Protein chains: 2
Amino acid sequence: MARTAKPTRERIVQAATTLFYGEGIRAVSVDAVAAKAGVTKRTLYYHFASKDELIAAYLEGRDQPNLATFRRWFAETDGSLADKVRGIFTALARSARKPGWKGCGFLRTAAELAAMPGHPALRIGATHKKKFEAWLAEIFAGDGVPEPDRVARRIVLLLDGSFAVVLLHRDPDYMEEAGAAAFTLVEAALSRRDRG
Amino acid sequence: MARTAKPTRERIVQAATTLFYGEGIRAVSVDAVAAKAGVTKRTLYYHFASKDELIAAYLEGRDQPNLATFRRWFAETDGSLADKVRGIFTALARSARKPGWKGCGFLRTAAELAAMPGHPALRIGATHKKKFEAWLAEIFAGDGVPEPDRVARRIVLLLDGSFAVVLLHRDPDYMEEAGAAAFTLVEAALSRRDRG
DNA sequence: GTCTATAAGCCGATAGAC
DNA sequence: GTCTATCGGCTTATAGAC
């Protein structure tokens, strides 16, 4: 078993991810993370200087997997560019209907740490969202969409809006509506491209 | 002085509002609320059975004032219907540039209490947002906008999206972009009305 | 690098006096 | 209805052993 066991640090981050996302950052103690990871607090504090560093590591660990999921949802949807963008929202709505869903970890962390603007975890979250926005803008630019940055930014607003609203109402239909709005937005931009 | 002093309960809610919005719900202790209100904890627990009830009272107290602010921003903007809707976003961006701004208290509470779906404060928050959506839909219906409910819902997604995104990036320009998207959305709906 | 043990203080909530 | 005083438990973080 020890042969396949993950490094201690990784196990701690994994435990933090489950607990912080599931219960909230301030609701989860360092004790609880250490217990779930199967290590003592002394070991946890050997790998992380503070709880704040642990929070940052939690979000850092979600950066690439989350981006990969969005890219996959886009790639796996057939049809036009507008269809593929809407596909992201449809897949997100499907995931939001699953029991454990509790919104976007990056946005929820920003909400919890709103009083700590310089917190390392917030910088990681902001960078993550910027990467997503830039990825969308690149796709739009590659397809000759006019004002690709503005279109990408509007998609982001609809996406993060649906995260926030669905977390409050627990009604993923809002994501379908956001997807429909995103579809219209991309279609309109493409028709501007083709007209002139 | 005692002549003009507010009732104790009101002073407690006011202190809770300042602290919960400013620091976050879990970051603020009942002790801190009692101290800011100038009462003892025993008195606070005479008026509220638990911290959860106090959180609910905080959001309940923001319901009408917040709705009134949005209505005022809409009413005070000159121009077409689309202009007036965009005016809401412009005013929100202006408020987001002020130092104490920390996003939407309802959405931040939903993010903090995501693991407690039945919490009374979340029901109050959901009702508040539904009222705002219904208010918009009524205006659109009154102006003969086609599918007023869907248009209202898309405006809500853009508005709450801008709350979430601006809290993370601390860049109110996202609100201006959301306002521009909302403007386009309303204009397009009106042109559908006038064509057919 | 991981363990046991504990510091020093804050948490929500309550008891009893008046 | 408001006060003083305090409960038992939980908080982040650290000390010293190996």
# chains A, B, ... in the order shown; residues from 1 in each chain; ligands from 1
>>> interface_residues(of="chain D", to="chain B", cutoff="12 Å", atoms="only C-alpha atoms (C1' of nucleotides)", output="MDAnalysis selection string")
chainID D and resid 1:6
>>> write_last_selection(atoms="C-alpha atoms (C1' of nucleotides)", output="short mmCIF file (atom, residue, chain, number, x, y, z; two decimals), in the first residue's frame")
data_model
loop_
_atom_site.label_atom_id
_atom_site.label_comp_id
_atom_site.auth_asym_id
_atom_site.auth_seq_id
_atom_site.Cartn_x
_atom_site.Cartn_y
_atom_site.Cartn_z
"C1'" DG D 1 -35.16 43.43 29.53
"C1'" DT D 2 -30.71 44.31 30.84
"C1'" DC D 3 -26.79 43.28 33.72
"C1'" DT D 4 -22.22 40.26 35.35
"C1'" DA D 5 -19.99 36.05 35.10
"C1'" DT D 6 -18.91 31.87 33.11
#
>>> interface_residues(of="chain B", to="chain A", cutoff="7 Å", atoms="only C-alpha atoms", output="compact mmCIF listing (two decimals) with C-alpha atoms, in the first residue's frame")
# COMPACT_ATOMS: atom_id res chain seq x y z
CA GLY B 22 -17.87 44.15 6.33
CA GLU B 23 -16.10 41.07 7.63
CA GLY B 24 -18.22 38.08 6.68
CA ARG B 26 -18.41 33.36 10.11
CA LYS B 102 -17.69 44.21 -0.70
CA LEU B 107 -24.79 36.38 -2.60
CA ARG B 108 -21.90 36.38 -0.15
CA ALA B 110 -25.28 32.22 0.07
CA ALA B 111 -21.62 31.42 -0.63
CA GLU B 112 -20.74 31.17 3.06
CA ALA B 114 -23.69 26.85 0.84
CA ALA B 115 -23.50 23.77 3.05
CA LEU B 122 -30.87 31.71 2.43
CA ALA B 126 -33.68 33.85 -2.49
CA ARG B 154 -30.85 37.41 -18.27
CA LEU B 157 -27.64 36.82 -14.47
CA LEU B 158 -25.55 39.73 -15.76
CA ASP B 160 -25.24 38.98 -10.14
CA GLY B 161 -22.41 37.91 -12.43
CA SER B 162 -20.93 41.37 -12.18
CA ALA B 164 -19.30 38.01 -8.29
CA VAL B 165 -16.65 38.91 -10.85
CA LEU B 167 -15.60 41.03 -6.00
CA LEU B 168 -12.85 38.75 -7.29
CA HIS B 169 -11.03 41.10 -9.67
CA ALA B 178 -22.46 43.85 -18.05
CA ALA B 181 -24.64 43.62 -22.57
>>> closest_atom_pairs(of="region 64-98 of chain A", to="region 186-189 of chain A", cutoff="10 Å", atoms="only C-alpha atoms", output="CSV")
residue,atom,partner,partner_atom,distance
A:Ser80,CA,A:Glu187,CA,9.1
A:Leu81,CA,A:Val186,CA,7.5
A:Ala82,CA,A:Val186,CA,5.4
A:Asp83,CA,A:Val186,CA,9.0
A:Val85,CA,A:Val186,CA,8.1
A:Arg86,CA,A:Val186,CA,9.4
>>> atom_distance(atom1="CA of Phe74 (chain B)", atom2="CA of Leu59 (chain B)")
22.4 Å
>>> interface_residues(of="chain C", to="chain B", cutoff="10 Å", atoms="only C-alpha atoms (C1' of nucleotides)", output="PDB file with N, CA and C atoms (P, O5', C5', C4', C3', O3' and C1' of nucleotides), in the first residue's frame")
ATOM      1  P    DC C  10      -8.829  36.623  22.292  1.00  0.00           P
ATOM      2  O5'  DC C  10     -10.019  36.023  21.427  1.00  0.00           O
ATOM      3  C5'  DC C  10      -9.730  35.392  20.174  1.00  0.00           C
ATOM      4  C4'  DC C  10     -10.812  34.401  19.843  1.00  0.00           C
ATOM      5  C3'  DC C  10     -12.231  34.975  20.023  1.00  0.00           C
ATOM      6  O3'  DC C  10     -12.949  34.800  18.810  1.00  0.00           O
ATOM      7  C1'  DC C  10     -12.014  32.877  21.130  1.00  0.00           C
ATOM      8  P    DC C  11     -14.398  35.304  18.645  1.00  0.00           P
ATOM      9  O5'  DC C  11     -15.278  33.986  18.759  1.00  0.00           O
ATOM     10  C5'  DC C  11     -15.022  32.885  17.883  1.00  0.00           C
ATOM     11  C4'  DC C  11     -15.972  31.747  18.192  1.00  0.00           C
ATOM     12  C3'  DC C  11     -17.363  32.192  18.620  1.00  0.00           C
ATOM     13  O3'  DC C  11     -18.169  32.357  17.481  1.00  0.00           O
ATOM     14  C1'  DC C  11     -16.530  30.456  20.067  1.00  0.00           C
ATOM     15  P    DG C  12     -19.548  33.118  17.576  1.00  0.00           P
ATOM     16  O5'  DG C  12     -20.489  32.021  18.239  1.00  0.00           O
ATOM     17  C5'  DG C  12     -20.791  30.825  17.541  1.00  0.00           C
ATOM     18  C4'  DG C  12     -21.647  29.927  18.424  1.00  0.00           C
ATOM     19  C3'  DG C  12     -23.045  30.480  18.737  1.00  0.00           C
ATOM     20  O3'  DG C  12     -23.988  29.406  18.724  1.00  0.00           O
ATOM     21  C1'  DG C  12     -21.841  30.177  20.752  1.00  0.00           C
ATOM     22  P    DA C  13     -25.569  29.761  18.960  1.00  0.00           P
ATOM     23  O5'  DA C  13     -25.725  29.591  20.539  1.00  0.00           O
ATOM     24  C5'  DA C  13     -25.388  28.334  21.134  1.00  0.00           C
ATOM     25  C4'  DA C  13     -25.429  28.447  22.647  1.00  0.00           C
ATOM     26  C3'  DA C  13     -26.726  29.027  23.231  1.00  0.00           C
ATOM     27  O3'  DA C  13     -27.390  28.018  23.973  1.00  0.00           O
ATOM     28  C1'  DA C  13     -24.781  29.899  24.305  1.00  0.00           C
ATOM     29  P    DT C  14     -28.761  28.299  24.718  1.00  0.00           P
ATOM     30  O5'  DT C  14     -28.270  28.538  26.216  1.00  0.00           O
ATOM     31  C5'  DT C  14     -27.318  27.644  26.783  1.00  0.00           C
ATOM     32  C4'  DT C  14     -27.020  28.032  28.212  1.00  0.00           C
ATOM     33  C3'  DT C  14     -28.235  28.449  29.042  1.00  0.00           C
ATOM     34  O3'  DT C  14     -28.236  27.692  30.244  1.00  0.00           O
ATOM     35  C1'  DT C  14     -26.493  30.024  29.272  1.00  0.00           C
TER      36       DT C  14
END
>>> residues_around(residues="Tyr58 (chain A)", least_positions_apart="6", cutoff="7 Å", atoms="only C-alpha atoms (C1' of nucleotides)", output="VMD selection string")
chain A and resid 13 16 to 17
>>> write_last_selection(atoms="N, CA and C atoms", output="PDB file, in the first residue's frame")
ATOM      1  N   VAL A  13      -3.652  18.435   0.764  1.00  0.00           N
ATOM      2  CA  VAL A  13      -4.380  19.328  -0.147  1.00  0.00           C
ATOM      3  C   VAL A  13      -5.696  18.695  -0.580  1.00  0.00           C
ATOM      4  N   ALA A  16      -8.110  19.042   2.216  1.00  0.00           N
ATOM      5  CA  ALA A  16      -8.530  20.442   2.298  1.00  0.00           C
ATOM      6  C   ALA A  16      -9.544  20.761   1.206  1.00  0.00           C
ATOM      7  N   THR A  17      -9.308  20.237   0.013  1.00  0.00           N
ATOM      8  CA  THR A  17     -10.212  20.493  -1.108  1.00  0.00           C
ATOM      9  C   THR A  17     -11.616  19.982  -0.810  1.00  0.00           C
TER      10      THR A  17
END
>>> residues_around(residues="Glu176 (chain A)", least_positions_apart="4", cutoff="8 Å", atoms="only C-alpha atoms (C1' of nucleotides)", output="MDAnalysis selection string")
chainID A and resid 89:90 93 172 180
>>> decode(residues="chain C", atoms="N, CA and C atoms (P, O5', C5', C4', C3', O3' and C1' of nucleotides)", output="PDB file, in the first residue's frame")
ATOM      1  P    DG C   1      11.146  15.061   3.048  1.00  0.00           P
ATOM      2  O5'  DG C   1      10.053  14.695   4.142  1.00  0.00           O
ATOM      3  C5'  DG C   1      10.377  14.864   5.543  1.00  0.00           C
ATOM      4  C4'  DG C   1       9.496  13.896   6.286  1.00  0.00           C
ATOM      5  C3'  DG C   1       8.097  14.460   6.478  1.00  0.00           C
ATOM      6  O3'  DG C   1       7.267  13.356   6.814  1.00  0.00           O
ATOM      7  C1'  DG C   1       9.210  14.451   8.537  1.00  0.00           C
ATOM      8  P    DT C   2       5.745  13.248   6.414  1.00  0.00           P
ATOM      9  O5'  DT C   2       5.075  12.726   7.764  1.00  0.00           O
ATOM     10  C5'  DT C   2       5.464  11.476   8.296  1.00  0.00           C
ATOM     11  C4'  DT C   2       5.441  11.486   9.809  1.00  0.00           C
ATOM     12  C3'  DT C   2       4.160  12.049  10.444  1.00  0.00           C
ATOM     13  O3'  DT C   2       3.291  11.004  10.844  1.00  0.00           O
ATOM     14  C1'  DT C   2       6.153  12.628  11.655  1.00  0.00           C
ATOM     15  P    DC C   3       1.999  11.362  11.722  1.00  0.00           P
ATOM     16  O5'  DC C   3       2.515  11.365  13.243  1.00  0.00           O
ATOM     17  C5'  DC C   3       2.731  10.128  13.921  1.00  0.00           C
ATOM     18  C4'  DC C   3       3.352  10.359  15.289  1.00  0.00           C
ATOM     19  C3'  DC C   3       2.431  11.049  16.294  1.00  0.00           C
ATOM     20  O3'  DC C   3       1.662  10.083  17.000  1.00  0.00           O
ATOM     21  C1'  DC C   3       4.638  11.995  16.356  1.00  0.00           C
ATOM     22  P    DT C   4       0.391  10.552  17.832  1.00  0.00           P
ATOM     23  O5'  DT C   4       1.002  11.200  19.164  1.00  0.00           O
ATOM     24  C5'  DT C   4       1.864  10.448  20.024  1.00  0.00           C
ATOM     25  C4'  DT C   4       2.235  11.279  21.241  1.00  0.00           C
ATOM     26  C3'  DT C   4       1.045  11.768  22.061  1.00  0.00           C
ATOM     27  O3'  DT C   4       1.359  11.714  23.460  1.00  0.00           O
ATOM     28  C1'  DT C   4       2.268  13.637  21.315  1.00  0.00           C
ATOM     29  P    DA C   5       0.240  12.089  24.544  1.00  0.00           P
ATOM     30  O5'  DA C   5       0.492  13.651  24.814  1.00  0.00           O
ATOM     31  C5'  DA C   5       1.798  14.102  25.180  1.00  0.00           C
ATOM     32  C4'  DA C   5       1.773  15.614  25.334  1.00  0.00           C
ATOM     33  C3'  DA C   5       0.520  16.145  26.036  1.00  0.00           C
ATOM     34  O3'  DA C   5       0.908  16.937  27.154  1.00  0.00           O
ATOM     35  C1'  DA C   5       0.930  17.347  24.039  1.00  0.00           C
ATOM     36  P    DT C   6      -0.198  17.616  28.141  1.00  0.00           P
ATOM     37  O5'  DT C   6      -0.159  19.141  27.687  1.00  0.00           O
ATOM     38  C5'  DT C   6       1.090  19.708  27.294  1.00  0.00           C
ATOM     39  C4'  DT C   6       0.860  21.046  26.640  1.00  0.00           C
ATOM     40  C3'  DT C   6      -0.283  21.863  27.253  1.00  0.00           C
ATOM     41  O3'  DT C   6       0.157  23.169  27.473  1.00  0.00           O
ATOM     42  C1'  DT C   6      -0.450  21.846  24.923  1.00  0.00           C
ATOM     43  P    DA C   7      -0.334  24.050  28.710  1.00  0.00           P
ATOM     44  O5'  DA C   7       0.101  25.520  28.307  1.00  0.00           O
ATOM     45  C5'  DA C   7       1.360  25.717  27.665  1.00  0.00           C
ATOM     46  C4'  DA C   7       1.186  26.639  26.468  1.00  0.00           C
ATOM     47  C3'  DA C   7       0.387  27.901  26.787  1.00  0.00           C
ATOM     48  O3'  DA C   7       1.181  29.035  26.495  1.00  0.00           O
ATOM     49  C1'  DA C   7      -0.396  26.865  24.784  1.00  0.00           C
ATOM     50  P    DA C   8       1.113  30.338  27.340  1.00  0.00           P
ATOM     51  O5'  DA C   8      -0.060  31.159  26.632  1.00  0.00           O
ATOM     52  C5'  DA C   8       0.073  31.499  25.265  1.00  0.00           C
ATOM     53  C4'  DA C   8      -1.263  31.940  24.742  1.00  0.00           C
ATOM     54  C3'  DA C   8      -2.123  32.696  25.766  1.00  0.00           C
ATOM     55  O3'  DA C   8      -2.583  33.879  25.168  1.00  0.00           O
ATOM     56  C1'  DA C   8      -3.371  31.002  24.713  1.00  0.00           C
ATOM     57  P    DG C   9      -3.480  34.970  25.935  1.00  0.00           P
ATOM     58  O5'  DG C   9      -4.761  34.988  24.976  1.00  0.00           O
ATOM     59  C5'  DG C   9      -4.565  34.853  23.567  1.00  0.00           C
ATOM     60  C4'  DG C   9      -5.805  34.285  22.931  1.00  0.00           C
ATOM     61  C3'  DG C   9      -7.099  35.005  23.347  1.00  0.00           C
ATOM     62  O3'  DG C   9      -7.744  35.462  22.189  1.00  0.00           O
ATOM     63  C1'  DG C   9      -7.377  32.665  23.337  1.00  0.00           C
ATOM     64  P    DC C  10      -8.829  36.623  22.292  1.00  0.00           P
ATOM     65  O5'  DC C  10     -10.019  36.023  21.427  1.00  0.00           O
ATOM     66  C5'  DC C  10      -9.730  35.392  20.174  1.00  0.00           C
ATOM     67  C4'  DC C  10     -10.812  34.401  19.843  1.00  0.00           C
ATOM     68  C3'  DC C  10     -12.231  34.975  20.023  1.00  0.00           C
ATOM     69  O3'  DC C  10     -12.949  34.800  18.810  1.00  0.00           O
ATOM     70  C1'  DC C  10     -12.014  32.877  21.130  1.00  0.00           C
ATOM     71  P    DC C  11     -14.398  35.304  18.645  1.00  0.00           P
ATOM     72  O5'  DC C  11     -15.278  33.986  18.759  1.00  0.00           O
ATOM     73  C5'  DC C  11     -15.022  32.885  17.883  1.00  0.00           C
ATOM     74  C4'  DC C  11     -15.972  31.747  18.192  1.00  0.00           C
ATOM     75  C3'  DC C  11     -17.363  32.192  18.620  1.00  0.00           C
ATOM     76  O3'  DC C  11     -18.169  32.357  17.481  1.00  0.00           O
ATOM     77  C1'  DC C  11     -16.530  30.456  20.067  1.00  0.00           C
ATOM     78  P    DG C  12     -19.548  33.118  17.576  1.00  0.00           P
ATOM     79  O5'  DG C  12     -20.489  32.021  18.239  1.00  0.00           O
ATOM     80  C5'  DG C  12     -20.791  30.825  17.541  1.00  0.00           C
ATOM     81  C4'  DG C  12     -21.647  29.927  18.424  1.00  0.00           C
ATOM     82  C3'  DG C  12     -23.045  30.480  18.737  1.00  0.00           C
ATOM     83  O3'  DG C  12     -23.988  29.406  18.724  1.00  0.00           O
ATOM     84  C1'  DG C  12     -21.841  30.177  20.752  1.00  0.00           C
ATOM     85  P    DA C  13     -25.569  29.761  18.960  1.00  0.00           P
ATOM     86  O5'  DA C  13     -25.725  29.591  20.539  1.00  0.00           O
ATOM     87  C5'  DA C  13     -25.388  28.334  21.134  1.00  0.00           C
ATOM     88  C4'  DA C  13     -25.429  28.447  22.647  1.00  0.00           C
ATOM     89  C3'  DA C  13     -26.726  29.027  23.231  1.00  0.00           C
ATOM     90  O3'  DA C  13     -27.390  28.018  23.973  1.00  0.00           O
ATOM     91  C1'  DA C  13     -24.781  29.899  24.305  1.00  0.00           C
ATOM     92  P    DT C  14     -28.761  28.299  24.718  1.00  0.00           P
ATOM     93  O5'  DT C  14     -28.270  28.538  26.216  1.00  0.00           O
ATOM     94  C5'  DT C  14     -27.318  27.644  26.783  1.00  0.00           C
ATOM     95  C4'  DT C  14     -27.020  28.032  28.212  1.00  0.00           C
ATOM     96  C3'  DT C  14     -28.235  28.449  29.042  1.00  0.00           C
ATOM     97  O3'  DT C  14     -28.236  27.692  30.244  1.00  0.00           O
ATOM     98  C1'  DT C  14     -26.493  30.024  29.272  1.00  0.00           C
ATOM     99  P    DA C  15     -29.525  27.727  31.230  1.00  0.00           P
ATOM    100  O5'  DA C  15     -28.882  28.199  32.607  1.00  0.00           O
ATOM    101  C5'  DA C  15     -27.479  28.031  32.858  1.00  0.00           C
ATOM    102  C4'  DA C  15     -27.138  28.581  34.240  1.00  0.00           C
ATOM    103  C3'  DA C  15     -28.356  28.850  35.122  1.00  0.00           C
ATOM    104  O3'  DA C  15     -28.022  28.608  36.493  1.00  0.00           O
ATOM    105  C1'  DA C  15     -27.269  30.897  34.643  1.00  0.00           C
ATOM    106  P    DG C  16     -29.189  28.638  37.599  1.00  0.00           P
ATOM    107  O5'  DG C  16     -29.013  30.086  38.253  1.00  0.00           O
ATOM    108  C5'  DG C  16     -27.725  30.506  38.685  1.00  0.00           C
ATOM    109  C4'  DG C  16     -27.773  31.961  39.111  1.00  0.00           C
ATOM    110  C3'  DG C  16     -29.028  32.336  39.898  1.00  0.00           C
ATOM    111  O3'  DG C  16     -28.651  33.234  40.941  1.00  0.00           O
ATOM    112  C1'  DG C  16     -28.816  33.750  38.042  1.00  0.00           C
ATOM    113  P    DA C  17     -29.733  33.928  41.941  1.00  0.00           P
ATOM    114  O5'  DA C  17     -29.459  35.480  41.709  1.00  0.00           O
ATOM    115  C5'  DA C  17     -28.139  35.994  41.841  1.00  0.00           C
ATOM    116  C4'  DA C  17     -28.126  37.482  41.506  1.00  0.00           C
ATOM    117  C3'  DA C  17     -29.202  38.291  42.251  1.00  0.00           C
ATOM    118  O3'  DA C  17     -28.637  39.508  42.733  1.00  0.00           O
ATOM    119  C1'  DA C  17     -29.428  38.580  39.900  1.00  0.00           C
ATOM    120  P    DC C  18     -29.465  40.390  43.780  1.00  0.00           P
ATOM    121  O5'  DC C  18     -30.345  41.377  42.891  1.00  0.00           O
ATOM    122  C5'  DC C  18     -29.732  42.421  42.138  1.00  0.00           C
ATOM    123  C4'  DC C  18     -30.757  43.044  41.226  1.00  0.00           C
ATOM    124  C3'  DC C  18     -32.065  43.459  41.897  1.00  0.00           C
ATOM    125  O3'  DC C  18     -32.086  44.878  42.062  1.00  0.00           O
ATOM    126  C1'  DC C  18     -32.390  42.550  39.709  1.00  0.00           C
TER     127       DC C  18
END
